[in-house]
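This report concerns only the one structure given below.
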Amino acid sequence: MVIPIVFAGSKPLEDTDMLDSANGSVGEKARRFRRFNIEYPVMVQYQIGGTNAEVEAVTKNVSIGGILISSAIVIPLHTPIKFRICIRKDKAARCIHLAGEGKVVRVERDENKGEVAIAVECDVPITHQEENFTSWPAKDN
């Protein structure tokens, strides 16, 4: 069963929500959804060269329209991906899984930290996933 997730306060922004206070004009590019700065484990699946790949990463921020993740591995720009975020209060608690699909729209390397920031735009809103993905580690259950 898939249940759409709606984060509190995640209504789409109107042009007037991004007004420049100095001259009342619309700001650069309005964000469509509210973002939440949260760090949780995320498993990312994608194909590269016809081969299936999985990468463990960490979310940096999440909205119903996309995620920003931090990874040690580069996922190429425009790559379609599937992901599953594991949210839990502590290691003893059961995971709440949020799942989504989308494509990589930005990749930025941080040479000082040895990390890559990967922005993903979702095709549909992120959803609560009740069933387990069989190809993913059972330790997240």
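We name chains A, B, ... following the order of the structure tokens; residues begin at 1 in each chain, and ligands are numbered from 1 as shown.
The shell of residues at most 10 Å from A:Glu54, with only C-alpha atoms counted and near chain neighbours (fewer than 2 positions) removed, consists of A:Met43, A:Val44, A:Gln45, A:Tyr46, A:Gln47, A:Asn52, A:Glu56, A:Ala57, A:Ile81, A:Lys82, A:Phe83, A:Ser135, A:Trp136.
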Report the residues of stretch 66-117 of chain A whose backbone DSSP state falls under strand (DSSP E or B), written as JSON, numbers by chain.
-> {"A": [66, 67, 68, 69, 70, 71, 80, 81, 82, 83, 84, 85, 86, 87, 96, 97, 98, 99, 100, 101, 102, 103, 104, 105, 106, 107, 108, 109, 110, 115, 116, 117]}
Residue nearest A:His128 - candidates A:Val107, A:Ala72, A:Ile85, A:Leu77, atoms counted: only C-alpha atoms = A:Ile85
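Atom CA of A:Val116 lies 20.2 Å from atom CA of A:Gly65.
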7 Å contact set for A:Pro80, only C-alpha atoms, chain neighbours under 6 positions out, as a VMD selection string = chain A and resid 46 102 to 104
Might you pull out every residue within 10 Å of A:Glu121, with only C-alpha atoms counted and same-chain residues fewer than 2 positions away left off, and present them as number ranges by chain?
-> A: 63-68, 78, 80-81, 100-106, 119, 123-125
Atoms to include: N, CA and C atoms. Write the selected residues as a compact mmCIF listing (two decimals), in the first residue's frame.
```txt
# COMPACT_ATOMS: atom_id res chain seq x y z
N SER A 63 11.89 17.39 0.56
CA SER A 63 10.58 18.01 0.35
C SER A 63 9.74 16.97 -0.37
N ILE A 64 8.45 17.22 -0.54
CA ILE A 64 7.66 16.23 -1.26
C ILE A 64 8.01 16.19 -2.75
N GLY A 65 8.75 17.19 -3.22
CA GLY A 65 9.12 17.25 -4.63
C GLY A 65 10.54 16.85 -4.94
N GLY A 66 11.34 16.51 -3.91
CA GLY A 66 12.72 16.12 -4.17
C GLY A 66 13.53 15.99 -2.91
N ILE A 67 14.77 15.54 -3.10
CA ILE A 67 15.70 15.39 -1.99
C ILE A 67 17.08 15.86 -2.39
N LEU A 68 17.85 16.23 -1.38
CA LEU A 68 19.28 16.49 -1.56
C LEU A 68 19.98 15.46 -0.70
N HIS A 78 21.15 13.64 -14.68
CA HIS A 78 20.01 13.15 -15.47
C HIS A 78 19.74 11.65 -15.31
N PRO A 80 18.02 8.48 -13.94
CA PRO A 80 16.80 8.13 -13.21
C PRO A 80 17.18 7.28 -11.99
N ILE A 81 16.55 7.55 -10.85
CA ILE A 81 16.85 6.80 -9.65
C ILE A 81 15.55 6.43 -8.91
N GLY A 100 10.63 7.12 -3.20
CA GLY A 100 10.38 8.01 -4.31
C GLY A 100 11.19 7.62 -5.54
N GLU A 101 10.87 8.26 -6.62
CA GLU A 101 11.58 8.09 -7.88
C GLU A 101 11.78 9.46 -8.49
N GLY A 102 12.86 9.60 -9.22
CA GLY A 102 13.10 10.86 -9.89
C GLY A 102 14.36 10.81 -10.72
N LYS A 103 14.91 11.99 -10.97
CA LYS A 103 16.16 12.04 -11.74
C LYS A 103 17.12 13.02 -11.08
N VAL A 104 18.39 12.78 -11.28
CA VAL A 104 19.43 13.65 -10.74
C VAL A 104 19.45 14.93 -11.55
N VAL A 105 19.30 16.08 -10.86
CA VAL A 105 19.27 17.37 -11.55
C VAL A 105 20.47 18.25 -11.22
N ARG A 106 21.24 17.87 -10.18
CA ARG A 106 22.45 18.64 -9.84
C ARG A 106 23.42 17.73 -9.09
N ALA A 119 21.29 16.39 -6.02
CA ALA A 119 19.91 16.87 -5.95
C ALA A 119 19.05 16.02 -6.88
N ASP A 123 9.57 12.53 -9.64
CA ASP A 123 8.53 12.47 -10.68
C ASP A 123 7.15 12.62 -10.07
N VAL A 124 6.97 12.06 -8.88
CA VAL A 124 5.72 12.16 -8.12
C VAL A 124 6.10 12.44 -6.67
N PRO A 125 5.17 12.92 -5.84
CA PRO A 125 5.53 13.19 -4.44
C PRO A 125 6.06 11.94 -3.72
```
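The interatomic distance for the pair atom CA of A:Ile48 and atom CA of A:Cys95 works out to 28.4 Å.
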Give me, please, the distance in Å between atom CA of A:His97 and atom CA of A:Phe33, quoted to one decimal.
->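 Interatomic distance here is 20.2 Å.
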